[in-house]
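> Mind having a look at this structure? Questions to follow.
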Amino acid sequence: MTRKTILITIAMLCAMTQGAWAQDEETVVNAYFTTDEMPDMMKFLPGPPDSTSVAFMNDVARYYWGKEMRKNAERAAQATRDAVYGLETILTEFEEAFGMKISKDETPEIYKVLLDGTATCDSICTIPKQKYKRRRPFMVFNEPTLYPEDEESLRKNGSYPSGHTLLGWSSALLMSEINPDRATEILARGYRYGENRLVVGAHWQSDTDAARLAASAAYARLHTSDRFLEQMKKAREEYKRLKGESTPVQSARVVSMTSDRAYTLQGTPVTAGTRGIVIQNQQKVVVK
């Protein structure tokens, strides 16, 4: 494959990614880094296991485990829902674990950091997918998946590493940073999201293992972006405000506007017309 072909393919994948992440035509994904600026998986992650290796034997064993799990109607239904790729599925399926509904309109700051953050993380697997073009388990065993609607497109898209798993794990890491008190529940759901790819029959175990490692590397890279850090700060503040955890009024006292050493909660000096809660001499006071 020539460099020109690779670049064209990446551009096409980026366009597809935009559609998978966007809630509507007005939603714009603004990644924090380009694919070239992300860690190079080809230099730190080994390729998929050889078909004669012990690792591949484990892949096969886990494939049959996934088929066994389909007998559990609840698990099969969840795996089928998770198969619908995109941020909207993440927001719906992770809502219980996160403890709050996330949407573009109701939680714009949280939505924004998840939108741009997960899209950035996703780009780390673009090149290895094109390089390895690994055949998926349902193709190897010539058996149907739980989500046949995807089978035609998946046949043209390499399985290593798992894009679904990368999305689920990067989402879990981001949500855990926003709401650390629910990190256990969020990470458990994020892990199961990737595990459900085995239940569906679309990925090998080693695909999901590689994807979690890739997501963690991409997540670390996000934290070198000042724009990301600022957006994450806004997201955490939004979460605390909506949960009623921000700017609690404790032992507040009522004063008149007489002190010149008072500041608003945003850190700006108060003016003669300022009313409400301000900081005065390192204490919260209510100005009438």
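Going through the structure tokens in order, the chains are called A, B, and so on, while each chain numbers its residues from 1 and the ligands are numbered from 1 in the order shown.
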Neighbours of region 102-117 of chain A within 9 Å (only C-alpha atoms; same-chain residues fewer than 2 positions away dropped), as an MDAnalysis selection string?
chainID A and resid 21:23 27:32 87:88 91:92 95 98 100 119:122 170:171 174:175 178 219 222 228 231:232 234:239 242
> Emit the selected residues as an mmCIF file, in the first residue's frame, including N, CA and C atoms.

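Result file is out09.cif:
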```cif
data_model
loop_
_atom_site.group_PDB
_atom_site.id
_atom_site.type_symbol
_atom_site.label_atom_id
_atom_site.label_comp_id
_atom_site.auth_asym_id
_atom_site.auth_seq_id
_atom_site.Cartn_x
_atom_site.Cartn_y
_atom_site.Cartn_z
ATOM 1 N N TRP A 21 -19.490 9.764 15.838
ATOM 2 C CA TRP A 21 -19.469 10.544 17.075
ATOM 3 C C TRP A 21 -20.523 11.653 17.095
ATOM 4 N N ALA A 22 -20.831 12.232 15.959
ATOM 5 C CA ALA A 22 -21.712 13.401 15.921
ATOM 6 C C ALA A 22 -23.149 13.034 16.268
ATOM 7 N N GLN A 23 -23.748 13.839 17.133
ATOM 8 C CA GLN A 23 -25.140 13.638 17.517
ATOM 9 C C GLN A 23 -26.070 14.159 16.438
ATOM 10 N N THR A 27 -23.059 19.085 15.162
ATOM 11 C CA THR A 27 -22.024 18.669 16.100
ATOM 12 C C THR A 27 -20.694 18.504 15.368
ATOM 13 N N VAL A 28 -19.685 19.207 15.843
ATOM 14 C CA VAL A 28 -18.367 19.174 15.214
ATOM 15 C C VAL A 28 -17.362 18.541 16.176
ATOM 16 N N VAL A 29 -16.659 17.534 15.703
ATOM 17 C CA VAL A 29 -15.617 16.894 16.496
ATOM 18 C C VAL A 29 -14.318 17.670 16.315
ATOM 19 N N ASN A 30 -13.735 18.100 17.416
ATOM 20 C CA ASN A 30 -12.497 18.874 17.380
ATOM 21 C C ASN A 30 -11.445 18.121 18.181
ATOM 22 N N ALA A 31 -10.776 17.182 17.535
ATOM 23 C CA ALA A 31 -9.815 16.318 18.215
ATOM 24 C C ALA A 31 -8.677 17.128 18.821
ATOM 25 N N TYR A 32 -8.150 16.624 19.920
ATOM 26 C CA TYR A 32 -7.055 17.309 20.605
ATOM 27 C C TYR A 32 -5.716 17.062 19.911
ATOM 28 N N LEU A 87 -20.769 7.297 20.099
ATOM 29 C CA LEU A 87 -20.829 7.932 21.409
ATOM 30 C C LEU A 87 -22.225 7.856 22.017
ATOM 31 N N GLU A 88 -23.257 7.921 21.195
ATOM 32 C CA GLU A 88 -24.618 7.906 21.739
ATOM 33 C C GLU A 88 -24.921 6.593 22.463
ATOM 34 N N LEU A 91 -23.229 6.867 25.871
ATOM 35 C CA LEU A 91 -23.957 7.730 26.805
ATOM 36 C C LEU A 91 -25.162 7.015 27.390
ATOM 37 N N THR A 92 -25.851 6.241 26.577
ATOM 38 C CA THR A 92 -27.030 5.511 27.046
ATOM 39 C C THR A 92 -26.643 4.353 27.949
ATOM 40 N N GLU A 95 -24.954 5.368 31.428
ATOM 41 C CA GLU A 95 -25.678 6.327 32.263
ATOM 42 C C GLU A 95 -25.841 5.829 33.697
ATOM 43 N N PHE A 98 -22.461 5.869 35.501
ATOM 44 C CA PHE A 98 -21.982 7.243 35.721
ATOM 45 C C PHE A 98 -22.830 7.965 36.759
ATOM 46 N N MET A 100 -25.616 9.775 36.058
ATOM 47 C CA MET A 100 -26.211 10.996 35.529
ATOM 48 C C MET A 100 -26.417 10.843 34.027
ATOM 49 N N ALA A 119 -12.939 10.636 20.375
ATOM 50 C CA ALA A 119 -12.569 10.687 18.956
ATOM 51 C C ALA A 119 -11.056 10.758 18.806
ATOM 52 N N THR A 120 -10.396 11.489 19.683
ATOM 53 C CA THR A 120 -8.936 11.576 19.649
ATOM 54 C C THR A 120 -8.315 10.218 19.964
ATOM 55 N N CYS A 121 -8.811 9.577 21.010
ATOM 56 C CA CYS A 121 -8.283 8.269 21.390
ATOM 57 C C CYS A 121 -8.478 7.250 20.274
ATOM 58 N N ASP A 122 -9.604 7.316 19.597
ATOM 59 C CA ASP A 122 -9.911 6.351 18.543
ATOM 60 C C ASP A 122 -8.866 6.368 17.438
ATOM 61 N N SER A 170 -11.744 4.076 26.744
ATOM 62 C CA SER A 170 -11.394 5.501 26.825
ATOM 63 C C SER A 170 -12.555 6.291 27.423
ATOM 64 N N SER A 171 -13.785 5.927 27.090
ATOM 65 C CA SER A 171 -14.959 6.585 27.682
ATOM 66 C C SER A 171 -14.991 6.362 29.187
ATOM 67 N N LEU A 174 -12.351 8.532 30.913
ATOM 68 C CA LEU A 174 -12.768 9.934 30.940
ATOM 69 C C LEU A 174 -13.875 10.162 31.960
ATOM 70 N N MET A 175 -14.875 9.289 31.962
ATOM 71 C CA MET A 175 -15.987 9.433 32.906
ATOM 72 C C MET A 175 -15.520 9.271 34.352
ATOM 73 N N ILE A 178 -14.133 12.469 35.561
ATOM 74 C CA ILE A 178 -15.187 13.455 35.838
ATOM 75 C C ILE A 178 -15.902 13.126 37.143
ATOM 76 N N TYR A 219 -5.199 7.997 26.351
ATOM 77 C CA TYR A 219 -5.728 8.785 27.473
ATOM 78 C C TYR A 219 -4.612 9.591 28.141
ATOM 79 N N LEU A 222 -3.800 12.590 26.027
ATOM 80 C CA LEU A 222 -4.779 13.673 26.171
ATOM 81 C C LEU A 222 -4.354 14.671 27.238
ATOM 82 N N PHE A 228 -7.476 20.189 26.352
ATOM 83 C CA PHE A 228 -8.181 19.082 27.001
ATOM 84 C C PHE A 228 -8.310 19.322 28.500
ATOM 85 N N GLN A 231 -10.982 21.790 29.207
ATOM 86 C CA GLN A 231 -12.312 21.246 28.979
ATOM 87 C C GLN A 231 -12.683 20.231 30.060
ATOM 88 N N MET A 232 -11.727 19.439 30.507
ATOM 89 C CA MET A 232 -11.994 18.489 31.587
ATOM 90 C C MET A 232 -12.347 19.233 32.876
ATOM 91 N N LYS A 234 -13.839 22.116 33.046
ATOM 92 C CA LYS A 234 -15.215 22.581 32.867
ATOM 93 C C LYS A 234 -16.213 21.442 33.074
ATOM 94 N N ALA A 235 -15.851 20.261 32.590
ATOM 95 C CA ALA A 235 -16.737 19.106 32.729
ATOM 96 C C ALA A 235 -16.910 18.712 34.181
ATOM 97 N N ARG A 236 -15.842 18.723 34.936
ATOM 98 C CA ARG A 236 -15.920 18.350 36.350
ATOM 99 C C ARG A 236 -16.716 19.389 37.144
ATOM 100 N N GLU A 237 -16.509 20.650 36.812
ATOM 101 C CA GLU A 237 -17.268 21.705 37.490
ATOM 102 C C GLU A 237 -18.753 21.594 37.166
ATOM 103 N N GLU A 238 -19.065 21.278 35.909
ATOM 104 C CA GLU A 238 -20.461 21.106 35.509
ATOM 105 C C GLU A 238 -21.092 19.941 36.264
ATOM 106 N N TYR A 239 -20.351 18.836 36.365
ATOM 107 C CA TYR A 239 -20.870 17.675 37.082
ATOM 108 C C TYR A 239 -21.161 18.022 38.545
ATOM 109 N N LEU A 242 -24.256 20.295 38.876
ATOM 110 C CA LEU A 242 -25.516 19.594 38.649
ATOM 111 C C LEU A 242 -25.836 18.627 39.775
#
```
> Can you pull out every residue within 10 Å of region 193-200 of chain A, counting only C-alpha atoms, but drop anything in the same chain fewer than 2 positions away, and send it as a VMD selection string?
chain A and resid 59 62 to 71 75 to 83 90 93 to 94 137 to 138 144 to 148 162 to 169 172 187 to 191 202 to 205 207 to 209 211 to 212
> Looking at only C-alpha atoms, which of A:His223, A:Glu37, A:Glu185, A:Ala262 is the one that sits closest to Ile277 (chain A)?
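Of all the options, A:Ala262 lies closest to Ile277 (chain A).
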> What's around Ser159 (chain A) at 7 Å? Count only C-alpha atoms, leave out sequence neighbours fewer than 5 positions away in its own chain, and write the answer as number ranges by chain.
A: 129, 133-136, 203, 207
